[in-house]
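Colleague: Just passing along the structure, written as structure tokens.
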Amino acid sequence: MPELPEVEIVKQSLIKTTKNKRITDVIVRNRNLRFKLDNNFENFIKNRLVTDIYRIAKYLVLEIDYIKCILVHFGMSGTLHLVNDKNKLKTNLSFYHSQKLPEKHNHIEINFKEFKIIYNDPRRFGFIKIFKNTELLKIYLNSYGLEPLDQNFNLNYLKNKLKNRNKNVKNILLDQKLISGVGNIYANEILFYSKINPKKRGKNLNNKELKKILINSKIVLKKAIKFGGSSIKNFKNTDGSNGTYQKEFKVYDKLNSKCPNKNCKSLIKKIVISNRSTFYCQKCQK
DNA sequence: AAGAGGCCCTGATAGC
DNA sequence: TGCTATCAGGGCCTCT
């Protein structure tokens with residue numbers, strides 16, 4: 001699920017609904033997420049004000065009482081649901097497109113006066129961490145690379161990060177320490193638009209190719225945000241969808257489809273790179 | 001030291 | 001229908 005655009009959409013929904021609202025109660029049903037939820041989590045946020053909500057790469061940050069914060073990572077299957085007191089979905093948060101609250105895996109419930117937010121995560125690859133101040137959060141994310149939408153994400157930055165890299169460009173795009181916020185879907189799409197073979201090694205990319213990655217990573221992510229992110233897996237009981245960028249996919253999950261480029265009759269190929277599905281056009285991506 | 005692969009976990013789906 | 005195998009939008013850890 002959640003790559004940068006999807007988390008951005010969640011953030012935007014949360015700003016509208018929970019900014020400057022007070023948390024009245026917290027219920028944790030399962031602490032065993034990717035990392036065990038801090039034993040102090042409930043006390044840490046109970047009766048506290050959510051003073052801001054922002055996003056760093058694929059992380060969602062809830063600022064608490066102007067100083068503290070909690071960091072949310074959605075892993076592969078984490079979703080947030082805003083529901084009213086009767087467990088009816090009040091607003092669809094983000095990329096999750098069911099009208100109903102899932103029945104299982106509702107691990108954490110954060111109550112506000114008139115609604116609550118529920119963290120659901122079947123695979124439990126997601127996690128939540130608490131930080132006493134934003135300085136500590138900065139230290140935690142110290143090794144993270146810039147995200148493509150950062151204004152300092154420019155040609156020089158890319159050159160410095162990719163110079164002498166033996167790593168293939170697909171893995172480079174997925175390496176959060178080099179470039180943050182991009183996941184498997186958008187990595188595939190960015191490389192298609194850039195006409196670069198995913199297996200090409202970083203050190204072999206010329207300036208022109210780096211420029212294409214630079215520009216297309218910004219374009220693809222911005223467009224995905226504009227479309228409300230991507231919703232790819234159909235949950236049961238689906239009934240409408242928020243994110244529609246999946247309709248714009250050029251290569252992701254398009255095995256054996258015709259290459260979308262005009263005058264190209266090649267079919268989209270699927271290979272596995274470091275255990276992740278990789279889709280590309282052999283003709284167009286060199 | 002950088003890079004590849006294993007692994008954490010549940011659920012949906014394909015194939016027999 | 002019911003089993004098994006495979007695959008998912010991530011990233012930390014270990015090994016080489």
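We label chains A, B, ... in the order they appear in the structure tokens, count residues from 1 in each chain, and number ligands from 1 in the order shown.
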Which residues of chain C come within 10 Å of chain A, and for each one, what is the closest pair of atoms and their distance in Å to one decimal, counting only C-alpha atoms (C1' of nucleotides), sorted by chain and residue number, as JSON lines?
Modeller:
{"residue": "C:DC7", "atom": "C1'", "partner": "A:Ser277", "partner_atom": "CA", "distance": 9.5}
{"residue": "C:DA8", "atom": "C1'", "partner": "A:Met76", "partner_atom": "CA", "distance": 8.0}
{"residue": "C:DG9", "atom": "C1'", "partner": "A:Met1", "partner_atom": "CA", "distance": 3.3}
{"residue": "C:DG10", "atom": "C1'", "partner": "A:Gly75", "partner_atom": "CA", "distance": 5.3}
{"residue": "C:DG11", "atom": "C1'", "partner": "A:Gly75", "partner_atom": "CA", "distance": 8.4}
{"residue": "C:DC12", "atom": "C1'", "partner": "A:Arg34", "partner_atom": "CA", "distance": 9.8}
Colleague: Could you please take those selected residues and save N, CA and C atoms (P, O5', C5', C4', C3', O3' and C1' of nucleotides) as an mmCIF file, in the first residue's frame?
Modeller:
data_model
loop_
_atom_site.group_PDB
_atom_site.id
_atom_site.type_symbol
_atom_site.label_atom_id
_atom_site.label_comp_id
_atom_site.auth_asym_id
_atom_site.auth_seq_id
_atom_site.Cartn_x
_atom_site.Cartn_y
_atom_site.Cartn_z
ATOM 1 P P DC C 7 5.269 -16.421 -7.094
ATOM 2 O "O5'" DC C 7 4.479 -15.071 -6.868
ATOM 3 C "C5'" DC C 7 3.173 -14.914 -7.393
ATOM 4 C "C4'" DC C 7 2.468 -13.875 -6.566
ATOM 5 C "C3'" DC C 7 3.378 -12.725 -6.138
ATOM 6 O "O3'" DC C 7 2.942 -11.548 -6.782
ATOM 7 C "C1'" DC C 7 1.981 -13.487 -4.350
ATOM 8 P P DA C 8 3.803 -10.229 -6.831
ATOM 9 O "O5'" DA C 8 2.791 -9.226 -6.142
ATOM 10 C "C5'" DA C 8 3.035 -8.847 -4.897
ATOM 11 C "C4'" DA C 8 1.943 -8.059 -4.274
ATOM 12 C "C3'" DA C 8 2.601 -7.169 -3.245
ATOM 13 O "O3'" DA C 8 2.646 -5.840 -3.712
ATOM 14 C "C1'" DA C 8 1.007 -8.664 -2.233
ATOM 15 P P DG C 9 3.983 -5.461 -4.552
ATOM 16 O "O5'" DG C 9 4.267 -4.030 -3.943
ATOM 17 C "C5'" DG C 9 3.825 -2.904 -4.543
ATOM 18 C "C4'" DG C 9 3.925 -1.708 -3.638
ATOM 19 C "C3'" DG C 9 4.270 -1.911 -2.172
ATOM 20 O "O3'" DG C 9 4.820 -0.681 -1.708
ATOM 21 C "C1'" DG C 9 2.050 -1.282 -2.313
ATOM 22 P P DG C 10 6.296 -0.755 -1.148
ATOM 23 O "O5'" DG C 10 6.086 -1.480 0.263
ATOM 24 C "C5'" DG C 10 5.457 -0.827 1.321
ATOM 25 C "C4'" DG C 10 6.357 -0.747 2.536
ATOM 26 C "C3'" DG C 10 7.754 -0.196 2.279
ATOM 27 O "O3'" DG C 10 8.081 0.629 3.377
ATOM 28 C "C1'" DG C 10 7.920 -2.402 3.119
ATOM 29 P P DG C 11 9.459 1.433 3.416
ATOM 30 O "O5'" DG C 11 10.373 0.540 4.361
ATOM 31 C "C5'" DG C 11 9.949 0.311 5.696
ATOM 32 C "C4'" DG C 11 10.888 -0.665 6.348
ATOM 33 C "C3'" DG C 11 12.379 -0.311 6.172
ATOM 34 O "O3'" DG C 11 13.034 -0.739 7.335
ATOM 35 C "C1'" DG C 11 12.015 -2.431 5.384
ATOM 36 P P DC C 12 13.967 0.224 8.167
ATOM 37 O "O5'" DC C 12 14.488 -0.758 9.300
ATOM 38 C "C5'" DC C 12 13.551 -1.423 10.130
ATOM 39 C "C4'" DC C 12 14.049 -2.817 10.442
ATOM 40 C "C3'" DC C 12 15.529 -2.862 10.808
ATOM 41 O "O3'" DC C 12 15.667 -3.646 11.974
ATOM 42 C "C1'" DC C 12 15.074 -4.388 9.049
#
Colleague: Using only C-alpha atoms (C1' of nucleotides), I'd like a table of the residues in chain B that come within 7 Å of chain A; for each, show the closest atom pair and its distance in Å rounded to one decimal, ordered by chain and ascending number, as a tab-separated table.
Modeller:
residue	atom	partner	partner_atom	distance
B:DG3	C1'	A:Lys167	CA	6.9
B:DA4	C1'	A:Ser274	CA	6.8
B:DC9	C1'	A:Arg123	CA	4.4
B:DT10	C1'	A:Arg123	CA	5.0
Colleague: For DC3 (chain C), work out the shell of residues within 12 Å, counting only C-alpha atoms (C1' of nucleotides) and skipping chain neighbours fewer than 2 positions away, then give it as a list in words.
Modeller: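 Here the qualifying residues turn out to be DG15 and DC16 of chain B; DT1 and DA5 of chain C.
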Colleague: Only N, CA and C atoms (P, O5', C5', C4', C3', O3' and C1' of nucleotides), please: the residues just picked out, written as a PDB file, in the first residue's frame.
Modeller:
ATOM      1  P    DG B  15      -4.200 -20.217 -13.096  1.00  0.00           P
ATOM      2  O5'  DG B  15      -3.858 -21.665 -12.549  1.00  0.00           O
ATOM      3  C5'  DG B  15      -2.644 -21.882 -11.820  1.00  0.00           C
ATOM      4  C4'  DG B  15      -2.680 -23.252 -11.190  1.00  0.00           C
ATOM      5  C3'  DG B  15      -3.352 -24.314 -12.063  1.00  0.00           C
ATOM      6  O3'  DG B  15      -2.558 -25.494 -12.049  1.00  0.00           O
ATOM      7  C1'  DG B  15      -4.347 -24.292  -9.934  1.00  0.00           C
ATOM      8  P    DC B  16      -2.799 -26.656 -13.155  1.00  0.00           P
ATOM      9  O5'  DC B  16      -3.143 -27.944 -12.291  1.00  0.00           O
ATOM     10  C5'  DC B  16      -2.211 -28.382 -11.294  1.00  0.00           C
ATOM     11  C4'  DC B  16      -2.968 -29.107 -10.211  1.00  0.00           C
ATOM     12  C3'  DC B  16      -3.794 -30.281 -10.708  1.00  0.00           C
ATOM     13  O3'  DC B  16      -3.127 -31.506 -10.383  1.00  0.00           O
ATOM     14  C1'  DC B  16      -4.947 -28.983  -9.049  1.00  0.00           C
TER      15       DC B  16
ATOM     16  P    DT C   1     -18.702 -24.639  -3.100  1.00  0.00           P
ATOM     17  O5'  DT C   1     -18.111 -26.110  -2.901  1.00  0.00           O
ATOM     18  C5'  DT C   1     -18.691 -27.054  -2.018  1.00  0.00           C
ATOM     19  C4'  DT C   1     -17.521 -27.819  -1.445  1.00  0.00           C
ATOM     20  C3'  DT C   1     -16.634 -26.960  -0.547  1.00  0.00           C
ATOM     21  O3'  DT C   1     -16.467 -27.637   0.699  1.00  0.00           O
ATOM     22  C1'  DT C   1     -15.327 -27.939  -2.297  1.00  0.00           C
ATOM     23  P    DA C   5       2.485 -26.857  -0.658  1.00  0.00           P
ATOM     24  O5'  DA C   5       2.503 -25.728  -1.780  1.00  0.00           O
ATOM     25  C5'  DA C   5       2.230 -26.088  -3.121  1.00  0.00           C
ATOM     26  C4'  DA C   5       2.304 -24.857  -4.000  1.00  0.00           C
ATOM     27  C3'  DA C   5       3.454 -23.911  -3.649  1.00  0.00           C
ATOM     28  O3'  DA C   5       4.023 -23.453  -4.858  1.00  0.00           O
ATOM     29  C1'  DA C   5       1.377 -22.763  -3.453  1.00  0.00           C
TER      30       DA C   5
END
Colleague: Where in region 10-120 of chain A does DSSP assign alpha helix (DSSP H), given as a ChimeraX atom specification?
Modeller: /A:10-18,41-45
Colleague: Residues as selected, C-alpha atoms, written as an mmCIF file, in the first residue's frame, can you do that?
Modeller:
data_model
loop_
_atom_site.group_PDB
_atom_site.id
_atom_site.type_symbol
_atom_site.label_atom_id
_atom_site.label_comp_id
_atom_site.auth_asym_id
_atom_site.auth_seq_id
_atom_site.Cartn_x
_atom_site.Cartn_y
_atom_site.Cartn_z
ATOM 1 C CA VAL A 10 -4.278 10.391 4.643
ATOM 2 C CA LYS A 11 -2.479 13.414 6.008
ATOM 3 C CA GLN A 12 -4.788 15.789 4.175
ATOM 4 C CA SER A 13 -7.861 13.996 5.530
ATOM 5 C CA LEU A 14 -6.497 14.043 9.056
ATOM 6 C CA ILE A 15 -5.717 17.749 8.953
ATOM 7 C CA LYS A 16 -9.331 18.456 8.111
ATOM 8 C CA THR A 17 -10.708 16.207 10.825
ATOM 9 C CA THR A 18 -8.354 15.900 13.784
ATOM 10 C CA PHE A 41 1.576 4.735 24.185
ATOM 11 C CA GLU A 42 -1.853 5.155 25.768
ATOM 12 C CA ASN A 43 -0.673 7.518 28.501
ATOM 13 C CA PHE A 44 1.501 9.344 26.028
ATOM 14 C CA ILE A 45 -1.435 10.626 23.997
#
Colleague: What is the CA of Tyr119 (chain A)-CA of Leu80 (chain A) distance in Å, reported with one decimal?
Modeller: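 Result for CA of Tyr119 (chain A) versus CA of Leu80 (chain A): 4.8 Å, one decimal.
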